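Structure data (TSV, C-alpha atoms (C1' of nucleotides)) from entry-v2.tsv:
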```
chain	number	residue	atom	x	y	z
G	1	MET	CA	114.64	96.56	73.43
G	2	LEU	CA	112.41	94.16	75.38
G	3	ARG	CA	115.34	91.77	75.67
G	4	GLU	CA	117.53	94.65	76.87
G	5	ILE	CA	114.96	95.58	79.50
G	6	TYR	CA	114.79	91.99	80.71
G	7	ASP	CA	118.55	91.79	81.08
G	8	ARG	CA	118.68	95.04	83.00
G	9	LEU	CA	115.88	94.10	85.35
G	10	TYR	CA	117.34	90.67	85.95
G	11	ALA	CA	120.74	92.17	86.66
G	12	ALA	CA	119.20	94.70	89.05
G	13	TYR	CA	116.73	92.50	90.91
G	14	GLY	CA	117.77	88.90	90.25
G	15	PRO	CA	115.45	85.88	90.10
G	16	GLN	CA	112.10	86.56	91.74
G	17	GLY	CA	111.01	83.04	92.57
G	18	TRP	CA	107.48	83.36	91.28
G	19	TRP	CA	104.81	81.97	91.53
G	20	PRO	CA	104.63	81.81	95.34
G	21	GLY	CA	102.33	78.75	95.30
G	22	GLN	CA	103.41	75.31	96.37
G	23	THR	CA	101.40	73.26	93.86
G	24	PRO	CA	99.76	73.92	90.48
G	25	THR	CA	96.40	73.75	92.25
G	26	GLU	CA	97.47	76.43	94.67
G	27	VAL	CA	98.83	78.56	91.83
G	28	ILE	CA	95.51	78.42	90.00
G	29	ILE	CA	93.48	79.29	93.06
G	30	GLY	CA	95.88	82.13	93.78
G	31	ALA	CA	95.56	83.38	90.21
G	32	VAL	CA	91.82	83.89	90.67
G	33	LEU	CA	92.08	85.26	94.19
G	34	THR	CA	94.71	87.84	93.28
G	35	GLN	CA	92.52	89.57	90.70
G	36	ASN	CA	92.69	93.25	91.60
G	37	THR	CA	93.99	92.26	95.02
G	38	ALA	CA	97.25	92.59	96.95
G	39	TRP	CA	99.08	89.29	97.35
G	40	THR	CA	99.23	89.54	101.16
G	41	ASN	CA	95.44	89.26	101.23
G	42	VAL	CA	95.54	86.28	98.90
G	43	GLU	CA	97.94	84.54	101.30
G	44	ARG	CA	95.46	84.91	104.14
G	45	ALA	CA	92.71	83.40	102.03
G	46	ILE	CA	94.89	80.49	100.92
G	47	ALA	CA	95.90	79.91	104.55
G	48	ASN	CA	92.21	79.66	105.42
G	49	LEU	CA	91.67	77.15	102.63
G	50	ARG	CA	94.63	75.09	103.79
G	51	ARG	CA	93.43	75.12	107.38
G	52	ALA	CA	90.03	73.92	106.17
G	53	ASN	CA	91.67	71.21	104.06
G	54	ALA	CA	90.10	72.86	101.03
G	55	LEU	CA	93.15	73.11	98.77
G	56	SER	CA	92.06	70.26	96.54
G	57	TRP	CA	89.69	70.04	93.62
G	58	ILE	CA	87.58	67.46	95.39
G	59	ALA	CA	87.21	69.62	98.48
G	60	LEU	CA	86.47	72.70	96.40
G	61	ARG	CA	83.83	70.78	94.47
G	62	ASP	CA	82.12	69.69	97.68
G	63	LEU	CA	82.17	73.07	99.42
G	64	SER	CA	79.10	75.25	99.01
G	65	GLU	CA	79.59	78.61	97.39
G	66	ALA	CA	78.79	80.31	100.71
G	67	GLU	CA	81.32	78.19	102.60
G	68	LEU	CA	83.94	78.93	100.01
G	69	ALA	CA	83.16	82.64	100.12
G	70	ALA	CA	83.61	82.70	103.90
G	71	LEU	CA	87.04	81.06	103.64
G	72	ILE	CA	88.38	83.40	100.96
G	73	ARG	CA	86.95	86.54	102.50
G	74	PRO	CA	90.34	88.16	103.28
G	75	ALA	CA	91.11	88.26	99.56
G	76	GLY	CA	88.34	90.81	98.97
G	77	THR	CA	85.52	90.68	96.40
G	78	TYR	CA	84.93	87.29	97.98
G	79	ARG	CA	81.40	86.67	96.69
G	80	VAL	CA	82.53	87.30	93.14
G	81	LYS	CA	85.61	85.15	93.57
G	82	ALA	CA	83.62	82.30	95.12
G	83	VAL	CA	81.44	82.26	92.00
G	84	ARG	CA	84.54	82.30	89.79
G	85	LEU	CA	86.33	79.52	91.65
G	86	LYS	CA	83.17	77.43	91.53
G	87	ALA	CA	82.89	77.99	87.79
G	88	LEU	CA	86.48	76.82	87.39
G	89	VAL	CA	85.99	73.77	89.62
G	90	ASN	CA	82.78	72.83	87.83
G	91	TYR	CA	84.49	73.14	84.47
G	92	LEU	CA	87.37	70.96	85.62
G	93	TRP	CA	85.04	68.20	86.76
G	94	GLN	CA	82.59	68.43	83.88
G	95	HIS	CA	85.17	68.50	81.09
G	96	HIS	CA	88.27	66.88	82.61
G	97	GLN	CA	87.00	64.60	85.39
G	98	GLY	CA	88.81	66.72	87.95
G	99	CYS	CA	92.16	66.08	86.29
G	100	LEU	CA	94.32	69.20	86.21
G	101	ASP	CA	96.88	67.71	83.82
G	102	SER	CA	94.07	67.11	81.37
G	103	LEU	CA	92.85	70.70	81.68
G	104	LEU	CA	96.35	71.98	80.90
G	105	ALA	CA	97.11	69.48	78.12
G	106	GLY	CA	97.15	70.23	74.39
G	107	PRO	CA	98.39	73.06	72.17
G	108	LEU	CA	99.06	76.23	74.17
G	109	ASP	CA	96.54	78.34	72.29
G	110	GLN	CA	93.86	75.71	72.80
G	111	VAL	CA	94.54	75.52	76.52
G	112	ARG	CA	94.42	79.31	76.72
G	113	ASP	CA	91.11	79.48	74.86
G	114	ARG	CA	89.74	76.71	77.06
G	115	LEU	CA	90.59	78.72	80.16
G	116	LEU	CA	89.19	81.93	78.66
G	117	SER	CA	85.86	80.20	78.11
G	118	ILE	CA	85.47	79.76	81.86
G	119	HIS	CA	83.48	82.48	83.61
G	120	GLY	CA	85.79	84.66	85.68
G	121	ILE	CA	88.97	83.81	83.81
G	122	GLY	CA	90.17	86.67	81.62
G	123	PRO	CA	93.39	86.97	79.64
G	124	GLU	CA	95.72	87.78	82.52
G	125	THR	CA	94.43	84.98	84.73
G	126	ALA	CA	94.50	82.51	81.83
G	127	ASP	CA	98.10	83.38	80.99
G	128	ALA	CA	99.13	83.22	84.64
G	129	ILE	CA	97.68	79.72	84.86
G	130	VAL	CA	99.28	78.54	81.60
G	131	LEU	CA	102.65	80.00	82.57
G	132	TYR	CA	102.89	79.46	86.30
G	133	ALA	CA	100.83	76.30	86.72
G	134	GLY	CA	101.45	74.78	83.30
G	135	ALA	CA	105.06	76.01	82.89
G	136	ARG	CA	104.42	76.92	79.26
G	137	PRO	CA	105.43	80.15	77.48
G	138	SER	CA	102.37	82.40	77.55
G	139	PHE	CA	103.41	85.94	78.48
G	140	VAL	CA	101.46	87.54	81.33
G	141	VAL	CA	100.59	91.21	80.86
G	142	ASP	CA	99.39	93.33	83.75
G	143	ALA	CA	98.83	97.00	84.51
G	144	TYR	CA	102.50	97.49	85.48
G	145	THR	CA	103.63	96.03	82.18
G	146	LYS	CA	101.41	98.26	80.08
G	147	ARG	CA	102.38	101.34	82.00
G	148	LEU	CA	106.08	100.63	81.72
G	149	LEU	CA	105.92	99.95	77.99
G	150	HIS	CA	103.95	103.09	77.38
G	151	ARG	CA	106.33	105.22	79.45
G	152	HIS	CA	109.25	103.89	77.46
G	153	LEU	CA	107.49	104.51	74.16
G	154	LEU	CA	107.26	100.82	73.35
G	155	CYS	CA	103.50	100.65	72.94
G	156	ASP	CA	100.54	102.90	72.43
G	157	GLU	CA	98.72	104.05	75.55
G	158	LYS	CA	95.57	102.34	74.33
G	159	ALA	CA	97.17	99.08	73.25
G	160	ASN	CA	95.03	96.17	74.33
G	161	TYR	CA	96.07	93.08	76.25
G	162	ASP	CA	96.79	90.82	73.28
G	163	GLN	CA	98.75	93.51	71.47
G	164	VAL	CA	101.10	94.02	74.42
G	165	ARG	CA	101.42	90.26	74.92
G	166	GLY	CA	102.27	89.92	71.23
G	167	LEU	CA	105.09	92.44	71.53
G	168	PHE	CA	106.80	90.30	74.14
G	169	GLN	CA	106.20	87.00	72.41
G	170	GLU	CA	107.53	88.33	69.10
G	171	ALA	CA	110.63	89.80	70.71
G	172	LEU	CA	111.51	86.88	72.96
G	173	PRO	CA	112.08	83.17	72.50
G	174	PRO	CA	109.17	81.02	73.77
G	175	ASN	CA	110.90	80.24	77.04
G	176	ALA	CA	108.59	79.68	80.00
G	177	GLN	CA	111.32	80.21	82.58
G	178	MET	CA	112.17	83.56	81.03
G	179	TYR	CA	108.52	84.67	80.76
G	180	ASN	CA	108.10	83.66	84.36
G	181	GLU	CA	110.98	85.82	85.56
G	182	TYR	CA	110.18	88.69	83.24
G	183	HIS	CA	106.63	89.14	84.44
G	184	ALA	CA	107.76	88.98	88.06
G	185	LEU	CA	110.54	91.49	87.36
G	186	LEU	CA	108.07	93.89	85.71
G	187	VAL	CA	105.94	93.76	88.83
G	188	ALA	CA	109.01	94.35	90.99
G	189	VAL	CA	110.12	97.41	89.04
G	190	GLY	CA	106.54	98.63	88.68
G	191	LYS	CA	105.97	98.65	92.39
G	192	LYS	CA	109.03	100.81	93.06
G	193	HIS	CA	109.08	102.99	89.97
G	194	CYS	CA	106.92	103.99	87.04
G	195	ARG	CA	104.01	104.78	89.31
G	196	SER	CA	104.30	108.53	88.91
G	197	ARG	CA	106.66	110.60	86.81
G	198	ALA	CA	108.72	111.36	89.90
G	199	ASP	CA	109.47	107.71	90.65
G	200	CYS	CA	112.30	107.24	88.15
G	201	ASP	CA	115.06	107.79	90.71
G	202	GLY	CA	117.10	104.62	90.98
G	203	CYS	CA	115.13	102.79	88.32
G	204	PRO	CA	117.40	100.50	86.26
G	205	LEU	CA	115.61	101.77	83.14
G	206	SER	CA	115.75	105.50	83.84
G	207	ASP	CA	118.27	106.19	81.06
G	208	LEU	CA	116.19	104.49	78.37
G	209	PRO	CA	114.02	106.50	75.98
G	210	HIS	CA	111.12	107.87	77.93
G	211	VAL	CA	107.96	109.88	77.45
G	212	THR	CA	108.51	113.58	77.99
G	213	THR	CA	104.93	114.57	78.58
G	214	PRO	CA	102.51	113.30	81.24
I	1	DG	C1'	90.37	108.81	105.03
I	2	DA	C1'	91.42	108.48	100.48
I	3	DC	C1'	93.78	105.44	97.40
I	4	DC	C1'	95.45	101.15	95.69
I	5	DA	C1'	96.12	96.03	94.64
I	6	DG	C1'	99.24	90.03	89.68
I	7	DG	C1'	90.99	91.78	86.83
I	8	DC	C1'	86.72	90.59	85.15
I	9	DA	C1'	81.84	90.72	83.84
I	10	DC	C1'	78.12	93.38	82.77
I	11	DA	C1'	75.41	97.61	81.57
I	12	DT	C1'	75.00	101.42	78.87
I	13	DC	C1'	75.85	104.52	75.25
T	1	DG	C1'	83.54	98.77	70.28
T	2	DA	C1'	84.46	101.85	73.67
T	3	DT	C1'	83.88	103.59	78.24
T	4	DG	C1'	81.92	103.24	83.06
T	5	DT	C1'	80.91	100.64	87.23
T	6	DG	C1'	80.47	97.01	90.99
T	7	DC	C1'	82.95	93.92	93.56
T	8	DA	C1'	85.41	94.40	99.01
T	9	DT	C1'	89.36	93.32	102.03
T	10	DG	C1'	93.70	94.97	104.16
T	11	DG	C1'	98.12	98.08	103.57
T	12	DT	C1'	100.08	102.49	102.87
```
Would you mind writing the structure in this file as C-alpha cells?
Amino acid sequence: MLREIYDRLYAAYGPQGWWPGQTPTEVIIGAVLTQNTAWTNVERAIANLRRANALSWIALRDLSEAELAALIRPAGTYRVKAVRLKALVNYLWQHHQGCLDSLLAGPLDQVRDRLLSIHGIGPETADAIVLYAGARPSFVVDAYTKRLLHRHLLCDEKANYDQVRGLFQEALPPNAQMYNEYHALLVAVGKKHCRSRADCDGCPLSDLPHVTTP
DNA sequence: GACCAGGCACATC
DNA sequence: GATGTGCATGGT
C-alpha cells in the first residue's frame, strides 16, 4: 500500500525537487532551522547567513552564538537554534576536523546515531541530514506523514517515529532518490489535504481505505 | 487575533 | 514512559 501511495502521489504531483539547498552544508543548516518552522522563514535566515558569508563551517565556528542568533532570527526560536547549530558545528570540528564527508561517512545506522547524539538533532533532523545531505536511504517521517498514515489506517495513532519510519523502510527498497521524493510528496499532499476531515476533496488518495471516525 | 509551521529538550508526574 | 511546555518569527 505504501508503494501504491507513492505511485499515486508521484503521478499527481510529479518530482518535487527537494531539498531546496544548494550544498550539503546549506541542507544541514536548513534542516536545523526548519524545525517547527515554515520554510519561507528559513530562506530568510539562510539569505542572512549568505550575505554575512556565514554559510561555511569555518565561519559558523568563528561566529559567536549571539551573532549567529541575530542572523537566523527570521527562522524563529532563534536563540534555541543558535545553540543547536553551535552544538553541531562544535561536534563537526571536535570529532571530524570540520570535514562534512567524514561526519557523514560509515554505516548508515552509525551515521544516524552519531547525528542523534548531537544536542538539538532529533530523529527527523537526523534523517533529513542523512537523506538530503548524505543522499542515503533513511526515511524522513514528519507530522504530515504520521497523520496521513493514521487517516488511511496504516498505523496506530500513537505510533512513534521509529515505528512509522520502519513501515516505510520495510515496504520500500532502500532507494535514496525514492525516499527523497516520497517525503517531499507527503508534505505536498499534507499541506493541501489531510489537515481536517473536510480536506479530502481532490486528494489523489481519497478513494483509499480511510478512517470513518474523527 | 488566533493558529500554524519539514521539532526538540527538559520538567514533571 | 508518557504527557505537557517553552521556544519565537512570519503567513494565513
For DT12 in chain I, find every residue with an atom within 12 Å (counting only C-alpha atoms (C1' of nucleotides)), except residues of its own chain fewer than 6 positions away, and show them as a compact mmCIF listing (two decimals) with C-alpha atoms (C1' of nucleotides), in the coordinates of the input.
```txt
# COMPACT_ATOMS: atom_id res chain seq x y z
C1' DA T 2 84.46 101.85 73.67
C1' DT T 3 83.88 103.59 78.24
C1' DG T 4 81.92 103.24 83.06
C1' DT T 5 80.91 100.64 87.23
```
Please identify all polymer residues within 7 Å of range 178-182 of chain G, counting all atoms listed in the file, omitting same-chain residues fewer than 6 positions from it, and present them as a PDB file with C-alpha atoms, in the frame of the given file.
```
ATOM      1  CA  TYR G   6     114.790  91.990  80.710  1.00  0.00           C
ATOM      2  CA  PRO G  15     115.450  85.880  90.100  1.00  0.00           C
ATOM      3  CA  GLN G  16     112.100  86.560  91.740  1.00  0.00           C
ATOM      4  CA  TRP G  18     107.480  83.360  91.280  1.00  0.00           C
ATOM      5  CA  LEU G 131     102.650  80.000  82.570  1.00  0.00           C
ATOM      6  CA  TYR G 132     102.890  79.460  86.300  1.00  0.00           C
ATOM      7  CA  PRO G 137     105.430  80.150  77.480  1.00  0.00           C
ATOM      8  CA  PHE G 139     103.410  85.940  78.480  1.00  0.00           C
TER       9      PHE G 139
END
```
| request: Within 6 Å of chain T, which residues of chain G are there when counting all atoms listed in the file? Please give them as a PyMOL selection string. | output: chain G and resi 74-77
| Which of these residues is nearest to DA9 in chain I, using all atoms listed in the file: G:Gly122, G:Pro174, G:Gly166, G:Pro209? | G:Gly122
| said: Counting only C-alpha atoms (C1' of nucleotides), a student should be able to say which residues of chain G come within 12 Å of chain I; what is the right answer, written as a PyMOL selection string? | reply: chain G and resi 18-20+27+30-42+75-77+80-81+83-84+116+118-129+132+140-145+161+183-188+190-191+195
| query | Quick one: of G:Lys146, G:Arg73, G:Arg165, G:His152, who's nearest to Asp207 in chain G, counting only C-alpha atoms? | reply |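 Checking each candidate against Asp207 in chain G, we get G:His152 as the closest.
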| task | For CA of Ala52 in chain G and CA of Gly98 in chain G, quote the distance in Å rounded to one decimal. | result | 19.6 Å
| said: Can you measure CA of Ala176 in chain G to CA of Gly21 in chain G for me? One decimal in Å is fine. | reply: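 Those two atoms sit 16.6 Å apart.
You will find CA of Ala11 in chain G at 21.0 Å from CA of Arg147 in chain G.
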